[in-house]
>>> print(open('my_file.tsv').read())   # TSV, C-alpha atoms
chain	number	residue	atom	x	y	z
N	125	MET	CA	54.63	154.78	185.05
N	126	PRO	CA	53.89	151.33	183.82
N	127	SER	CA	53.01	151.00	180.17
N	128	ALA	CA	49.40	150.15	179.28
N	129	ILE	CA	48.64	146.60	178.04
N	130	PRO	CA	46.80	146.80	174.75
N	131	ALA	CA	43.31	145.34	174.86
N	132	SER	CA	42.57	142.14	172.86
N	133	PRO	CA	40.58	142.77	169.71
N	134	PRO	CA	36.92	141.77	169.96
N	135	PRO	CA	36.01	138.46	168.36
N	136	SER	CA	34.91	138.67	164.77
N	137	PRO	CA	31.27	137.84	164.17
N	138	ILE	CA	32.39	135.90	161.12
N	139	SER	CA	33.75	132.47	161.81
N	140	GLN	CA	37.19	132.00	160.39
N	141	PRO	CA	37.74	128.77	158.48
N	142	GLN	CA	39.90	126.28	160.17
N	143	HIS	CA	42.64	124.72	158.08
N	144	PRO	CA	43.29	121.17	159.25
N	145	PRO	CA	46.59	119.66	158.37
N	146	LYS	CA	46.77	118.34	154.84
N	147	GLN	CA	46.53	114.55	154.45
N	148	ARG	CA	47.98	112.52	151.63
N	149	LYS	CA	45.42	111.15	149.20
N	150	GLN	CA	45.51	107.38	148.89
N	151	LYS	CA	45.52	106.10	145.33
N	152	GLN	CA	42.50	103.92	144.54
N	153	PRO	CA	42.99	100.92	142.26
N	154	PRO	CA	41.49	101.50	138.80
N	155	GLN	CA	37.93	100.20	138.46
N	156	PRO	CA	37.21	97.95	135.45
N	157	GLN	CA	35.10	99.67	132.85
N	158	PRO	CA	32.10	97.77	131.46
N	159	ASN	CA	32.36	96.55	127.89
N	160	PRO	CA	29.67	98.36	125.88
N	161	ALA	CA	29.33	95.36	123.60
N	162	LYS	CA	28.28	93.18	126.54
N	163	ILE	CA	25.78	95.55	128.08
N	164	GLN	CA	22.28	94.08	127.78
N	165	PRO	CA	18.99	95.87	128.28
N	166	PRO	CA	17.42	95.44	131.73
N	167	ASP	CA	14.78	93.03	130.47
N	168	ALA	CA	17.19	90.94	128.41
N	169	GLN	CA	17.07	88.12	130.91
N	170	ALA	CA	13.32	87.91	130.54
N	171	LEU	CA	13.49	87.41	126.77
N	172	PRO	CA	13.16	83.75	125.71
N	173	LEU	CA	16.18	82.32	123.96
N	174	THR	CA	15.51	80.76	120.56
N	175	ILE	CA	17.87	77.83	120.06
N	176	PRO	CA	17.72	76.22	116.62
N	177	LEU	CA	17.08	72.51	116.90
N	178	LYS	CA	18.87	70.07	114.62
N	179	MET	CA	16.12	68.05	113.05
N	180	PRO	CA	16.81	64.44	111.97
N	181	PRO	CA	16.89	63.73	108.26
N	182	PRO	CA	13.55	62.72	106.75
N	183	THR	CA	12.79	59.02	106.90
N	184	ARG	CA	13.16	57.13	103.64
N	185	LEU	CA	11.35	53.88	102.99
N	186	LEU	CA	12.74	50.84	101.25
N	187	VAL	CA	9.65	49.17	99.80
N	188	ALA	CA	10.64	45.58	99.03
N	189	SER	CA	8.42	43.16	97.15
N	190	ILE	CA	8.74	39.42	97.65
N	191	GLY	CA	7.48	36.74	95.28
N	192	ASN	CA	8.91	34.37	92.70
N	193	PRO	CA	11.02	35.00	89.61
N	194	ALA	CA	10.08	33.64	86.17
N	195	PRO	CA	8.35	31.39	85.28
N	196	TYR	CA	6.20	32.21	88.34
N	197	LEU	CA	6.49	35.99	88.12
N	198	ASN	CA	2.95	36.58	86.84
N	199	THR	CA	1.19	34.43	89.43
N	200	LEU	CA	-0.94	35.44	92.41
N	201	HIS	CA	1.86	34.41	94.77
N	202	SER	CA	3.95	37.21	93.21
N	203	ALA	CA	1.25	39.85	93.72
N	204	GLY	CA	3.77	41.95	95.67
N	205	HIS	CA	5.93	42.23	92.55
N	206	THR	CA	2.91	43.22	90.44
N	207	VAL	CA	2.01	46.04	92.83
N	208	LEU	CA	5.63	47.20	93.13
N	209	ARG	CA	5.94	47.59	89.36
N	210	ALA	CA	2.65	49.48	89.30
N	211	LEU	CA	3.99	51.86	91.99
N	212	THR	CA	6.68	53.11	89.60
N	213	ILE	CA	4.04	55.22	87.82
N	214	PRO	CA	2.70	57.39	90.70
N	215	LEU	CA	6.20	57.57	92.23
N	216	SER	CA	7.71	58.72	88.89
N	217	THR	CA	10.68	56.39	89.28
N	218	PRO	CA	13.14	55.55	86.53
N	219	PRO	CA	13.13	51.93	85.32
N	220	LEU	CA	14.01	49.29	87.88
N	221	VAL	CA	17.64	48.24	87.41
N	222	LYS	CA	19.72	45.45	88.92
N	223	SER	CA	21.78	46.54	91.93
N	224	ARG	CA	24.62	44.29	93.00
N	225	PRO	CA	25.11	45.96	96.43
N	226	HIS	CA	21.42	45.35	97.14
N	227	ALA	CA	21.54	41.54	96.75
N	228	ASN	CA	21.16	41.76	92.95
N	229	GLY	CA	17.58	42.95	93.31
N	230	LEU	CA	15.96	45.50	91.00
N	231	LEU	CA	16.15	49.03	92.43
N	232	ALA	CA	14.61	52.44	91.65
N	233	HIS	CA	14.56	55.70	93.66
N	234	SER	CA	11.54	57.98	93.53
N	235	PRO	CA	12.42	61.64	92.82
N	236	THR	CA	9.07	62.84	94.22
N	237	HIS	CA	8.79	60.80	97.43
N	238	PRO	CA	11.37	59.60	99.98
N	239	ILE	CA	10.70	56.06	98.78
N	240	THR	CA	12.93	53.49	97.09
N	241	LEU	CA	11.50	50.40	95.39
N	242	TRP	CA	13.31	47.05	95.52
N	243	HIS	CA	12.24	43.87	93.69
N	244	SER	CA	13.53	40.66	95.29
N	245	PRO	CA	15.45	38.28	92.98
N	246	SER	CA	14.87	35.26	95.25
N	247	MET	CA	12.29	32.52	95.38
N	248	MET	CA	9.48	33.35	97.78
N	249	ASN	CA	10.28	30.68	100.36
N	250	VAL	CA	13.88	31.93	100.82
N	251	SER	CA	13.26	35.68	100.52
N	252	GLY	CA	14.67	36.61	103.92
N	253	PRO	CA	18.46	36.67	103.33
N	254	ALA	CA	18.22	38.82	100.18
N	255	VAL	CA	15.88	41.30	101.87
N	256	ALA	CA	18.20	41.51	104.89
N	257	THR	CA	21.26	42.13	102.69
N	258	ALA	CA	19.51	44.79	100.62
N	259	PHE	CA	18.18	46.59	103.69
N	260	ARG	CA	21.57	46.66	105.42
N	261	ALA	CA	23.11	48.27	102.33
N	262	PHE	CA	20.21	50.73	102.17
N	263	GLN	CA	20.63	51.71	105.82
N	264	ARG	CA	24.27	52.57	105.19
N	265	GLU	CA	23.14	54.93	102.44
N	266	TYR	CA	20.14	56.32	104.36
N	267	PRO	CA	20.61	56.11	108.14
N	268	GLY	CA	17.27	55.84	109.87
N	269	ALA	CA	15.56	54.27	106.86
N	270	GLU	CA	12.69	51.86	107.39
N	271	LEU	CA	11.72	48.65	105.64
N	272	VAL	CA	8.30	47.92	104.14
N	273	VAL	CA	7.59	44.52	102.59
N	274	LEU	CA	4.92	44.00	99.92
N	275	HIS	CA	3.51	40.46	99.82
N	276	ASP	CA	0.46	38.49	98.75
N	277	GLU	CA	-2.24	37.99	101.39
N	278	LEU	CA	-4.23	34.78	101.02
N	279	GLU	CA	-6.69	35.64	103.80
N	280	SER	CA	-7.88	38.93	102.21
N	281	ALA	CA	-10.16	39.46	99.23
N	282	LEU	CA	-8.60	40.29	95.88
N	283	GLY	CA	-7.13	43.81	95.88
N	284	VAL	CA	-7.72	44.53	99.59
N	285	VAL	CA	-4.74	46.21	101.30
N	286	SER	CA	-3.79	45.39	104.90
N	287	VAL	CA	-0.97	46.72	107.08
N	288	ARG	CA	0.66	44.87	109.98
N	289	GLY	CA	3.85	44.99	111.96
N	290	GLY	CA	6.60	42.58	111.01
N	291	ASP	CA	6.38	40.94	114.42
N	292	ARG	CA	2.87	39.61	113.76
N	293	GLY	CA	2.21	35.96	112.97
N	294	THR	CA	3.07	34.66	109.51
N	295	LYS	CA	-0.15	32.62	109.04
N	296	GLY	CA	1.81	29.89	107.30
N	297	HIS	CA	3.30	32.24	104.69
N	298	ASN	CA	6.74	30.77	103.93
N	299	GLY	CA	8.12	34.04	102.58
N	300	LEU	CA	7.22	35.83	105.81
N	301	ARG	CA	8.71	32.96	107.82
N	302	SER	CA	11.99	33.43	105.97
N	303	LEU	CA	11.86	37.16	106.72
N	304	ALA	CA	11.23	36.52	110.40
N	305	LYS	CA	14.43	34.47	110.59
N	306	ALA	CA	16.62	36.86	108.58
N	307	VAL	CA	15.23	40.29	109.46
N	308	GLY	CA	13.29	39.87	112.70
N	309	GLY	CA	10.22	41.99	113.37
N	310	GLY	CA	11.41	45.57	112.97
N	311	TYR	CA	9.62	46.32	109.71
N	312	THR	CA	6.13	46.90	108.28
N	313	ARG	CA	4.18	44.42	106.17
N	314	VAL	CA	1.76	45.56	103.48
N	315	GLY	CA	-0.35	42.65	102.34
N	316	VAL	CA	-2.19	42.65	99.02
N	317	GLY	CA	-5.24	40.38	98.99
N	318	ILE	CA	-5.39	37.60	96.41
N	319	GLY	CA	-8.43	35.75	97.77
N	320	ARG	CA	-8.51	32.08	98.69
N	321	PRO	CA	-9.81	28.97	96.94
N	322	VAL	CA	-12.77	27.16	98.43
N	323	ALA	CA	-10.66	24.06	99.01
N	324	ARG	CA	-8.33	24.30	102.00
N	325	GLU	CA	-6.03	21.41	101.13
N	326	GLY	CA	-2.39	22.40	100.72
N	327	GLY	CA	-2.18	21.05	97.20
N	328	GLU	CA	-5.19	23.05	96.04
N	329	VAL	CA	-3.88	26.23	97.65
N	330	ALA	CA	-0.48	25.77	95.96
N	331	LYS	CA	-2.15	25.35	92.56
N	332	TYR	CA	-4.21	28.48	93.18
N	333	VAL	CA	-1.34	30.80	94.12
N	334	LEU	CA	1.08	29.47	91.48
N	335	ARG	CA	-1.23	29.59	88.48
N	336	LYS	CA	-0.96	32.46	86.02
N	337	MET	CA	-3.22	35.33	87.05
N	338	THR	CA	-6.06	36.43	84.81
N	339	VAL	CA	-6.36	39.86	83.20
N	340	GLY	CA	-9.08	40.79	85.69
N	341	GLU	CA	-6.94	39.73	88.65
N	342	ARG	CA	-4.01	41.77	87.38
N	343	GLU	CA	-6.21	44.82	86.96
N	344	ALA	CA	-7.57	44.39	90.50
N	345	LEU	CA	-4.05	44.21	91.92
N	346	GLU	CA	-2.83	47.22	89.96
N	347	GLY	CA	-5.97	49.07	91.03
N	348	CYS	CA	-5.01	48.85	94.71
N	349	VAL	CA	-1.83	50.92	94.15
N	350	GLY	CA	-3.57	54.08	95.38
N	351	GLY	CA	-4.40	52.40	98.69
N	352	VAL	CA	-0.84	51.12	99.06
N	353	LEU	CA	0.56	54.60	98.40
N	354	GLU	CA	-1.73	56.08	101.05
N	355	GLU	CA	-0.38	53.59	103.59
N	356	LEU	CA	3.20	54.45	102.63
N	357	GLU	CA	2.49	58.16	103.10
N	358	ARG	CA	1.05	57.43	106.55
N	359	LEU	CA	4.25	55.61	107.46
N	360	LEU	CA	6.28	58.61	106.30
N	361	GLU	CA	4.17	60.81	108.58
N	362	GLY	CA	5.05	58.62	111.56
N	363	GLU	CA	1.90	56.53	111.87
N	364	ARG	CA	2.49	52.94	112.89
N	365	LYS	CA	0.19	49.96	113.29
>>> encode(input="my_file.tsv", output="C-alpha cells")
Amino acid sequence: MPSAIPASPPPSPISQPQHPPKQRKQKQPPQPQPNPAKIQPPDAQALPLTIPLKMPPPTRLLVASIGNPAPYLNTLHSAGHTVLRALTIPLSTPPLVKSRPHANGLLAHSPTHPITLWHSPSMMNVSGPAVATAFRAFQREYPGAELVVLHDELESALGVVSVRGGDRGTKGHNGLRSLAKAVGGGYTRVGVGIGRPVAREGGEVAKYVLRKMTVGEREALEGCVGGVLEELERLLEGERK
C-alpha cells in the first residue's frame, strides 16, 4: 500500500522577513568639519562693516611777512612785518629766531595753533626767492603745509584786512610781483591796509610808504591782528577765497 504524502503546512498569517543578500558598505570620504571660529551669525552679512579711515595730518600754515629790513622796518611798506610780530602774542610763540634752512628768515612755531610765523630778511622788491626757499624747506618738514603771505595793501584803508588768492593781480606791488615769479599762485595773500596818499604820482606814493609810521598808525595795524587771526583760522578749517 503506497505511503501517504504528508500535507504541506498551511501558510503562516505572519509574514516572514526576507533576508536579502548582504552588500558591502562603500566607504564615504570624510566631510570637512566647519571651523567654529569662522561661523558667523545668519545676519552677519547684513551688518555694516566699519573700516577706520586714515585721516591726513592737519594742515599747518607758514605765515610769511614781506617788507623791508632796517632802516625801513618801521615804515608802512613793512606793515606785514608789524602785524606778524603782533601775532606772536595771541599765538603764544617763542621769540622769533633766525633760521638758516629757511632762507635766514626769523622763525617761530605756535604751540597752540598749527601756525608757523616767518619774517622775510629780504628787501620788499626781491622777496620772492627767499619766500620760495623758506616754503620749500617748510614743506619738507610739514607735508601738505600751505603758504600765507602778509603784506601791506595800499588800496585799503588803514587797518582793514583783505584776503585774496595768490593768483590775483599784483596791482603794481613789487613784492607781490617778485612772489608771482618765484612762487607762482598757489598761496593765500592777506593784505593789511595802509591807506593811500591823495597824490597819485609815483614819487609821492614812495615817500608815503617809506616814511616812518606814526604811533597811531602802528596801533591801528596792531589792532587788526584779531581780524588776521580769524582769517587764518578760516583757512585752517578749509575755507578758501
>>> residues_around(input="my_file.tsv", residues="Glu363 of chain N", least_positions_apart="6", cutoff="12 Å", atoms="only C-alpha atoms", output="ChimeraX atom specification")
/N:287-289,312,354-357
>>> closest_residue(input="my_file.tsv", among="N:Val349, N:Leu282, N:Val255, N:Leu197", to="Lys305 of chain N", atoms="only C-alpha atoms")
N:Val255
>>> residues_around(input="my_file.tsv", residues="Leu345 of chain N", least_positions_apart="3", cutoff="12 Å", atoms="all atoms listed in the file", output="PDB file with C-alpha atoms, in the frame of the given file")
ATOM      1  CA  ASN N 198       2.950  36.580  86.840  1.00  0.00           C
ATOM      2  CA  THR N 199       1.190  34.430  89.430  1.00  0.00           C
ATOM      3  CA  LEU N 200      -0.940  35.440  92.410  1.00  0.00           C
ATOM      4  CA  HIS N 201       1.860  34.410  94.770  1.00  0.00           C
ATOM      5  CA  SER N 202       3.950  37.210  93.210  1.00  0.00           C
ATOM      6  CA  ALA N 203       1.250  39.850  93.720  1.00  0.00           C
ATOM      7  CA  GLY N 204       3.770  41.950  95.670  1.00  0.00           C
ATOM      8  CA  HIS N 205       5.930  42.230  92.550  1.00  0.00           C
ATOM      9  CA  THR N 206       2.910  43.220  90.440  1.00  0.00           C
ATOM     10  CA  VAL N 207       2.010  46.040  92.830  1.00  0.00           C
ATOM     11  CA  LEU N 208       5.630  47.200  93.130  1.00  0.00           C
ATOM     12  CA  ARG N 209       5.940  47.590  89.360  1.00  0.00           C
ATOM     13  CA  ALA N 210       2.650  49.480  89.300  1.00  0.00           C
ATOM     14  CA  LEU N 211       3.990  51.860  91.990  1.00  0.00           C
ATOM     15  CA  HIS N 275       3.510  40.460  99.820  1.00  0.00           C
ATOM     16  CA  ASP N 276       0.460  38.490  98.750  1.00  0.00           C
ATOM     17  CA  GLU N 277      -2.240  37.990 101.390  1.00  0.00           C
ATOM     18  CA  ALA N 281     -10.160  39.460  99.230  1.00  0.00           C
ATOM     19  CA  LEU N 282      -8.600  40.290  95.880  1.00  0.00           C
ATOM     20  CA  GLY N 283      -7.130  43.810  95.880  1.00  0.00           C
ATOM     21  CA  VAL N 284      -7.720  44.530  99.590  1.00  0.00           C
ATOM     22  CA  VAL N 285      -4.740  46.210 101.300  1.00  0.00           C
ATOM     23  CA  GLY N 315      -0.350  42.650 102.340  1.00  0.00           C
ATOM     24  CA  VAL N 316      -2.190  42.650  99.020  1.00  0.00           C
ATOM     25  CA  GLY N 317      -5.240  40.380  98.990  1.00  0.00           C
ATOM     26  CA  ILE N 318      -5.390  37.600  96.410  1.00  0.00           C
ATOM     27  CA  GLY N 319      -8.430  35.750  97.770  1.00  0.00           C
ATOM     28  CA  MET N 337      -3.220  35.330  87.050  1.00  0.00           C
ATOM     29  CA  THR N 338      -6.060  36.430  84.810  1.00  0.00           C
ATOM     30  CA  VAL N 339      -6.360  39.860  83.200  1.00  0.00           C
ATOM     31  CA  GLY N 340      -9.080  40.790  85.690  1.00  0.00           C
ATOM     32  CA  GLU N 341      -6.940  39.730  88.650  1.00  0.00           C
ATOM     33  CA  ARG N 342      -4.010  41.770  87.380  1.00  0.00           C
ATOM     34  CA  CYS N 348      -5.010  48.850  94.710  1.00  0.00           C
ATOM     35  CA  VAL N 349      -1.830  50.920  94.150  1.00  0.00           C
ATOM     36  CA  GLY N 350      -3.570  54.080  95.380  1.00  0.00           C
ATOM     37  CA  GLY N 351      -4.400  52.400  98.690  1.00  0.00           C
ATOM     38  CA  VAL N 352      -0.840  51.120  99.060  1.00  0.00           C
TER      39      VAL N 352
END
>>> atom_distance(input="my_file.tsv", atom1="atom CA of Ala254 of chain N", atom2="atom CA of Ala188 of chain N")
10.2 Å
>>> closest_residue(input="my_file.tsv", among="N:Gln263, N:Val314, N:Ser223, N:Gly309", to="Ser286 of chain N", atoms="all atoms listed in the file")
N:Val314
>>> atom_distance(input="my_file.tsv", atom1="atom CA of Arg320 of chain N", atom2="atom CA of Leu334 of chain N")
12.3 Å
>>> atom_distance(input="my_file.tsv", atom1="atom CA of Ser280 of chain N", atom2="atom CA of Gly327 of chain N")
19.4 Å
>>> closest_residue(input="my_file.tsv", among="N:Ala261, N:Val322, N:Met248, N:Leu215", to="Asn228 of chain N", atoms="only C-alpha atoms")
N:Ala261
>>> residues_near_point(input="my_file.tsv", point="(8.3, 57.0, 89.0)", cutoff="12 Å", atoms="only C-alpha atoms", output="count of residues only")
24
>>> residues_around(input="my_file.tsv", residues="Asn249 of chain N", least_positions_apart="3", cutoff="9 Å", atoms="all atoms listed in the file", output="list in words")
Gly191, Asn192, Ser246, Gly252, His297, Asn298, Gly299, Leu300, Arg301 and Ser302 of chain N
>>> write_last_selection(input="my_file.tsv", atoms="C-alpha atoms", output="PDB file, keeping the file's coordinate frame")
ATOM      1  CA  GLY N 191       7.480  36.740  95.280  1.00  0.00           C
ATOM      2  CA  ASN N 192       8.910  34.370  92.700  1.00  0.00           C
ATOM      3  CA  SER N 246      14.870  35.260  95.250  1.00  0.00           C
ATOM      4  CA  GLY N 252      14.670  36.610 103.920  1.00  0.00           C
ATOM      5  CA  HIS N 297       3.300  32.240 104.690  1.00  0.00           C
ATOM      6  CA  ASN N 298       6.740  30.770 103.930  1.00  0.00           C
ATOM      7  CA  GLY N 299       8.120  34.040 102.580  1.00  0.00           C
ATOM      8  CA  LEU N 300       7.220  35.830 105.810  1.00  0.00           C
ATOM      9  CA  ARG N 301       8.710  32.960 107.820  1.00  0.00           C
ATOM     10  CA  SER N 302      11.990  33.430 105.970  1.00  0.00           C
TER      11      SER N 302
END
>>> closest_residue(input="my_file.tsv", among="N:Pro267, N:Gly347, N:Pro253, N:Gly362", to="Gly308 of chain N", atoms="only C-alpha atoms")
N:Pro253
